[in-house]
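Text of upload.cif, listed as mmCIF, C-alpha atoms:
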data_model
loop_
_atom_site.label_atom_id
_atom_site.label_comp_id
_atom_site.auth_asym_id
_atom_site.auth_seq_id
_atom_site.Cartn_x
_atom_site.Cartn_y
_atom_site.Cartn_z
CA MET A 1118 116.85 80.54 77.99
CA ALA A 1119 116.22 83.60 80.14
CA LYS A 1120 113.34 83.59 82.60
CA LYS A 1121 110.47 85.93 81.71
CA ALA A 1122 108.86 88.27 84.22
CA LEU A 1123 105.83 90.52 83.88
CA VAL A 1124 105.75 93.41 86.36
CA LEU A 1125 102.41 95.21 86.67
CA LEU A 1126 102.64 99.02 86.93
CA TYR A 1127 99.40 100.65 88.03
CA PRO A 1128 98.31 104.03 89.49
CA LEU A 1129 99.26 104.64 93.13
CA ASN A 1130 101.58 101.64 93.27
CA GLU A 1131 104.44 102.09 95.74
CA GLU A 1132 107.35 103.02 93.48
CA ASN A 1133 109.95 100.94 95.37
CA GLU A 1134 107.78 97.85 94.98
CA ILE A 1135 107.95 98.25 91.21
CA VAL A 1136 111.48 99.51 90.62
CA ILE A 1137 113.29 97.16 93.02
CA PRO A 1138 111.83 93.92 91.61
CA VAL A 1139 112.63 95.13 88.08
CA GLN A 1140 116.20 95.93 89.15
CA VAL A 1141 116.74 92.62 90.95
CA LEU A 1142 115.21 90.48 88.19
CA ARG A 1143 117.23 92.21 85.49
CA LYS A 1144 120.35 91.84 87.61
CA ALA A 1145 119.56 88.11 87.55
CA GLU A 1146 119.36 88.41 83.74
CA TYR A 1147 115.62 87.90 83.49
CA GLU A 1148 113.66 89.26 80.55
CA VAL A 1149 111.42 91.76 82.36
CA THR A 1150 108.36 93.49 80.87
CA LEU A 1151 106.96 96.51 82.71
CA ALA A 1152 103.30 96.78 81.74
CA GLY A 1153 100.66 99.37 82.62
CA PRO A 1154 96.97 99.86 81.81
CA THR A 1155 98.04 102.25 79.02
CA GLU A 1156 101.35 103.51 77.68
CA ALA A 1157 100.94 106.80 79.56
CA PRO A 1158 103.21 107.54 82.55
CA VAL A 1159 101.85 106.08 85.78
CA VAL A 1160 101.79 108.25 88.92
CA GLY A 1161 102.80 106.28 91.99
CA SER A 1162 101.97 106.65 95.65
CA ARG A 1163 104.78 109.21 96.13
CA ASN A 1164 103.80 111.21 93.02
CA MET A 1165 106.68 109.84 90.96
CA LYS A 1166 105.96 109.15 87.30
CA ILE A 1167 107.12 105.84 85.81
CA VAL A 1168 106.64 105.08 82.13
CA PRO A 1169 105.45 101.56 81.25
CA GLU A 1170 107.22 99.76 78.44
CA THR A 1171 103.96 98.43 77.05
CA THR A 1172 100.31 97.93 77.92
CA LEU A 1173 99.07 94.88 79.78
CA LYS A 1174 96.93 93.91 76.79
CA GLU A 1175 100.01 93.82 74.56
CA ALA A 1176 102.10 92.07 77.21
CA MET A 1177 99.49 89.33 77.50
CA LYS A 1178 100.17 88.45 73.85
CA CYS A 1179 103.85 87.80 74.63
CA GLY A 1180 103.46 85.25 77.43
CA PRO A 1181 103.72 82.91 79.10
CA TYR A 1182 105.70 84.45 81.94
CA ASP A 1183 107.62 82.57 84.60
CA VAL A 1184 106.44 85.11 87.16
CA ILE A 1185 103.91 87.93 87.37
CA VAL A 1186 104.75 90.59 89.96
CA ALA A 1187 102.14 92.90 91.50
CA GLY A 1188 103.23 95.85 93.63
CA GLY A 1189 101.20 97.55 96.33
CA GLY A 1190 100.96 101.04 97.73
CA ARG A 1191 98.37 102.17 100.27
CA PHE A 1192 95.72 102.51 97.53
CA GLY A 1193 97.55 100.79 94.68
CA TRP A 1194 95.30 97.75 95.00
CA ARG A 1195 92.32 99.69 93.65
CA ALA A 1196 93.49 100.09 90.06
CA LEU A 1197 94.71 96.49 90.04
CA SER A 1198 91.29 95.34 91.25
CA GLU A 1199 89.36 97.42 88.72
CA ASP A 1200 91.16 96.16 85.60
CA PRO A 1201 89.62 92.87 84.37
CA ASP A 1202 92.79 92.15 82.38
CA VAL A 1203 94.71 91.89 85.65
CA GLY A 1204 92.28 89.24 86.82
CA THR A 1205 92.55 87.40 83.51
CA VAL A 1206 96.34 87.28 83.44
CA LEU A 1207 96.55 86.24 87.09
CA ARG A 1208 93.95 83.48 86.66
CA GLU A 1209 95.83 82.12 83.64
CA GLN A 1210 99.07 82.19 85.64
CA GLU A 1211 97.47 80.36 88.55
CA LYS A 1212 95.82 77.77 86.31
CA ALA A 1213 99.15 77.03 84.63
CA GLY A 1214 100.90 76.62 87.98
CA ARG A 1215 103.33 79.45 87.32
CA LEU A 1216 104.57 81.88 89.96
CA ILE A 1217 102.61 84.90 91.20
CA ALA A 1218 104.40 87.39 93.48
CA ALA A 1219 102.38 90.07 95.31
CA ILE A 1220 103.57 92.60 97.86
CA CYS A 1221 102.03 95.13 100.26
CA THR A 1222 98.36 95.73 99.33
CA ALA A 1223 98.43 93.67 96.12
CA PRO A 1224 96.91 90.64 97.90
CA ILE A 1225 93.68 92.66 98.17
CA ALA A 1226 93.55 92.77 94.37
CA MET A 1227 94.30 89.04 94.32
CA LYS A 1228 91.34 88.45 96.61
CA ASN A 1229 89.07 90.64 94.53
CA HIS A 1230 90.01 88.66 91.41
CA ARG A 1231 89.59 85.36 93.32
CA ILE A 1232 93.22 84.33 92.94
CA MET A 1233 95.00 81.67 95.02
CA TYR A 1234 92.19 81.14 97.53
CA GLY A 1235 93.19 78.89 100.42
CA ARG A 1236 96.88 79.76 100.32
CA ARG A 1237 99.17 81.11 103.03
CA LEU A 1238 100.10 84.75 102.49
CA THR A 1239 100.93 88.09 104.10
CA SER A 1240 100.36 91.76 103.30
CA TYR A 1241 100.96 95.31 104.47
CA PRO A 1242 99.96 95.30 108.17
CA LEU A 1243 97.36 98.07 107.90
CA VAL A 1244 95.30 96.14 105.34
CA GLU A 1245 95.35 92.80 107.16
CA ASP A 1246 91.62 92.98 107.89
CA MET A 1247 90.81 93.62 104.22
CA VAL A 1248 92.87 90.61 103.16
CA ARG A 1249 91.39 88.42 105.90
CA GLU A 1250 87.79 89.42 105.10
CA GLY A 1251 85.92 86.40 103.77
CA ASP A 1252 88.48 83.93 105.19
CA HIS A 1253 89.88 83.14 101.76
CA TYR A 1254 93.50 82.93 102.91
CA ILE A 1255 95.66 81.71 105.79
CA TYR A 1256 97.26 84.89 107.06
CA LYS A 1257 100.90 84.93 108.19
CA TYR A 1258 103.24 87.56 109.64
CA ASP A 1259 106.57 86.70 108.06
CA ASP A 1260 108.36 89.33 105.97
CA VAL A 1261 108.06 86.99 102.98
CA VAL A 1262 105.59 84.09 102.78
CA LYS A 1263 106.01 81.30 100.23
CA ASP A 1264 103.24 78.83 99.49
CA GLY A 1265 103.89 76.81 96.37
CA ASN A 1266 103.73 79.10 93.34
CA LEU A 1267 102.70 82.12 95.44
CA ILE A 1268 105.12 84.55 97.09
CA THR A 1269 103.82 87.48 99.15
CA SER A 1270 105.51 90.11 101.27
CA ARG A 1271 104.77 92.89 103.76
CA GLY A 1272 105.85 95.95 101.77
CA ASN A 1273 108.50 98.58 101.10
CA TYR A 1274 111.30 97.60 103.52
CA THR A 1275 110.84 93.90 102.64
CA THR A 1276 110.95 94.52 98.87
CA TRP A 1277 114.57 93.44 98.39
CA HIS A 1278 113.95 90.15 100.20
CA PHE A 1279 110.72 89.73 98.20
CA ALA A 1280 112.45 90.24 94.84
CA LEU A 1281 115.36 87.96 95.70
CA SER A 1282 112.90 85.29 96.84
CA ILE A 1283 111.48 85.30 93.32
CA VAL A 1284 114.95 84.65 91.91
CA GLU A 1285 115.53 81.94 94.50
CA TYR A 1286 112.24 80.21 93.57
CA LEU A 1287 112.85 80.31 89.81
CA SER A 1288 116.64 80.00 89.56
CA GLY A 1289 117.87 78.61 92.87
CA ARG A 1290 119.59 79.89 95.98
CA ALA A 1291 122.98 80.38 94.29
CA ALA A 1292 121.52 82.69 91.64
CA ALA A 1293 119.72 84.75 94.29
CA GLU A 1294 122.88 85.06 96.39
CA GLU A 1295 124.90 86.11 93.36
CA ALA A 1296 122.39 88.84 92.52
CA ALA A 1297 122.35 89.95 96.17
CA LYS A 1298 126.14 90.16 96.38
CA GLU A 1299 126.37 92.27 93.24
CA MET A 1300 123.95 94.75 94.82
CA LEU A 1301 125.71 94.61 98.22
CA LEU A 1302 122.65 93.01 99.83
CA PHE A 1303 124.65 90.97 102.30
CA VAL A 1304 121.75 90.69 104.76
CA PHE A 1305 119.99 88.32 102.34
CA VAL A 1306 123.14 86.26 101.83
CA GLU A 1307 123.87 86.00 105.55
CA ARG A 1308 120.28 85.49 106.73
CA GLN A 1309 120.54 81.70 107.01
CA LYS A 1310 123.97 81.90 108.66
CA MET A 1311 122.76 83.97 111.63
CA ASN A 1312 121.79 80.91 113.65
CA LYS A 1313 122.31 82.72 116.92
CA TYR A 1314 119.34 84.96 116.22
CA ASN A 1315 117.19 82.76 113.97
CA ASN A 1316 114.81 81.57 116.68
CA CYS A 1317 112.30 84.06 118.03
CA ALA A 1318 112.30 84.60 121.79
CA VAL A 1319 108.53 84.08 121.92
CA PHE A 1320 107.74 80.55 123.06
CA GLY A 1321 106.25 78.46 120.23
CA CYS A 1322 106.84 81.02 117.46
CA GLU A 1323 107.80 79.34 114.20
CA ASP A 1324 108.37 82.54 112.22
CA SER A 1325 111.73 82.10 110.50
CA THR A 1326 111.94 85.08 108.14
CA SER A 1327 110.64 88.25 109.81
CA SER A 1328 113.03 90.96 110.92
CA ARG A 1329 114.24 90.64 114.51
CA HIS A 1330 114.30 93.31 117.20
CA LEU A 1331 116.55 93.78 120.22
CA PHE A 1332 115.21 93.73 123.74
CA PRO A 1333 115.51 97.09 125.54
CA ASN A 1334 118.80 97.49 127.38
CA PRO A 1335 118.03 96.29 130.94
CA ASN A 1336 120.66 98.61 132.43
CA LYS A 1337 119.24 101.73 130.80
CA TYR A 1338 115.55 100.84 130.52
CA PRO A 1339 114.78 98.26 133.23
CA GLU A 1340 111.01 98.85 133.23
CA GLN A 1341 110.70 98.50 129.44
CA PHE A 1342 112.91 95.41 129.53
CA ALA A 1343 110.63 93.84 132.16
CA VAL A 1344 107.54 94.57 130.06
CA TRP A 1345 109.13 92.94 127.00
CA LEU A 1346 110.31 89.93 129.00
CA ASN A 1347 106.88 89.31 130.53
CA ALA A 1348 105.14 89.76 127.17
CA ARG A 1349 107.32 87.09 125.52
CA LYS A 1350 105.89 84.40 127.85
CA ASN A 1351 109.01 82.28 127.61
CA PRO A 1352 110.03 80.74 130.98
CA LYS A 1353 113.50 79.93 129.67
CA LEU A 1354 114.21 83.62 129.13
CA ASN A 1355 113.15 84.46 132.68
CA ALA A 1356 115.83 82.12 134.02
CA LEU A 1357 118.64 83.79 132.04
CA PRO A 1358 120.75 86.75 133.17
CA LYS A 1359 119.29 90.00 131.85
CA ASP A 1360 122.41 90.92 129.89
CA ASN A 1361 122.33 87.51 128.20
CA VAL A 1362 118.74 88.10 127.03
CA TYR A 1363 119.61 91.59 125.79
CA LYS A 1364 122.72 90.52 123.87
CA SER A 1365 121.67 87.13 122.52
CA HIS A 1366 117.91 87.07 121.93
CA ARG A 1367 115.51 88.78 119.56
CA ALA A 1368 111.75 89.03 119.05
CA CYS A 1369 110.35 88.97 115.53
CA TYR A 1370 108.38 91.77 113.94
CA ARG A 1371 104.94 90.21 114.29
CA HIS A 1372 105.06 90.40 118.10
CA LEU A 1373 105.38 94.18 117.98
CA ILE A 1374 101.86 94.34 116.53
CA PRO A 1375 99.08 94.59 119.12
CA ASP A 1376 97.08 91.37 119.65
CA HIS A 1377 99.68 89.22 117.92
#
Can you turn what I pasted into structure tokens?
Amino acid sequence: MAKKALVLLYPLNEENEIVIPVQVLRKAEYEVTLAGPTEAPVVGSRNMKIVPETTLKEAMKCGPYDVIVAGGGRFGWRALSEDPDVGTVLREQEKAGRLIAAICTAPIAMKNHRIMYGRRLTSYPLVEDMVREGDHYIYKYDDVVKDGNLITSRGNYTTWHFALSIVEYLSGRAAAEEAAKEMLLFVFVERQKMNKYNNCAVFGCEDSTSSRHLFPNPNKYPEQFAVWLNARKNPKLNALPKDNVYKSHRACYRHLIPDH
């Protein structure tokens, strides 16, 4: 029997964070329902209009769903927070132990509806303080964070990984890899095979999923390379030849954010 997914489509949602999960889940042969507050076209954060297939009220009558997906957008969390039906469907999903997947600013709406308190999660970087306010969650900096039946992600560029992580959770790694291959998403398939670059160059960092970034070329940008090397605070790196560090080591995304 096909897995069932409910994707919430609300005003000012980031369009990619709606369309990509729908595409990936349907590629995995899930039964996907795209539900909005009404049946009227929804205007997203980039002024694109997307037409819901049904209303959330009607979709709630057709559950249960194996996963409920909430997209973000810089201000997309507001409409999600203001609709009591969103809170109701998410609380029922949490109570039943079924999967909730939220990306970008959607965790703000989760917080406002008192969903999944105490869990590990992430969000769009610019709204970190809003998600952290009240200390209801354990904040992480990975591209995708999984904590039991909750999957969260940073936003936009991490949407493919986010959507495939849903498939992996519900249908297994093989199903996710098959969907990824059909869409030429080889980065997802190869992610676990890139052992050379899996470990972050920052001493003690346990982040295993964030995107990695090259050190500056020490031959072209020696001053910038020195700044990066000193900031990583890893004595083992300091003992290596500069070209070795440049060619064979990476720093994960979170360490490019000030104070982290």
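Put simply, CA of Lys1121 (chain A) is 21.7 Å away from CA of Val1262 (chain A).
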For this session: Could you tell me which residues the PyMOL selection byres ((chain A and resi 1216) around 10) grabs in this file, written as a PyMOL selection string?
Result: chain A and resi 1122+1182-1186+1207+1210-1211+1213-1215+1217-1218+1265-1268+1283+1286-1287
For this session: Could you list the residues chosen by the PyMOL selection byres ((chain A and resi 1146-1161) around 6) in this structure as an MDAnalysis selection string?
Result: chainID A and resid 1119:1132 1142:1145 1162:1173
For this session: Find the residues around region 1228-1235 of chain A up to 8 Å (only C-alpha atoms counted), leave out those fewer than 5 positions away in its own chain, and share them as a list in words.
Result: Ser1198, Gly1204, Leu1207, Arg1208, Glu1211, Val1248, His1253, Tyr1254, Ile1255 and Leu1267 of chain A
Exercise. What lies within 10 Å of Leu1346 (chain A) using all atoms listed in the file, ignoring chain neighbours under 5 positions off, as a PyMOL selection string?
Worked result: chain A and resi 1318-1319+1332-1333+1340-1341+1351-1352+1354-1355+1359+1362-1363
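The space separating CA of Ile1135 (chain A) from CA of Ala1187 (chain A) comes to 7.9 Å.
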Exercise. Can you list, as a ChimeraX atom specification, every protein, DNA or RNA residue that comes within 12 Å of Ile1220 (chain A) when you count only C-alpha atoms, leaving out same-chain residues fewer than 4 positions away?
Worked result: /A:1124-1125,1130-1135,1137-1138,1185-1191,1193-1194,1224-1227,1238-1242,1244,1260-1263,1267-1280,1282-1283
Seminar exercise, completed: Judged by only C-alpha atoms, the minimum distance to Leu1197 (chain A) among A:Cys1369, A:Glu1209, A:Ala1297, A:Ala1223 is found for A:Ala1223
Please write out, as JSON, where the centre of an axis-aligned box around all listed atoms of region 1171-1181 of chain A lies and how long its edges are, in Å to one decimal, after adding 4 Å on each side.
{"center_x": 100.4, "center_y": 90.7, "center_z": 76.8, "size_x": 15.0, "size_y": 23.5, "size_z": 13.9}
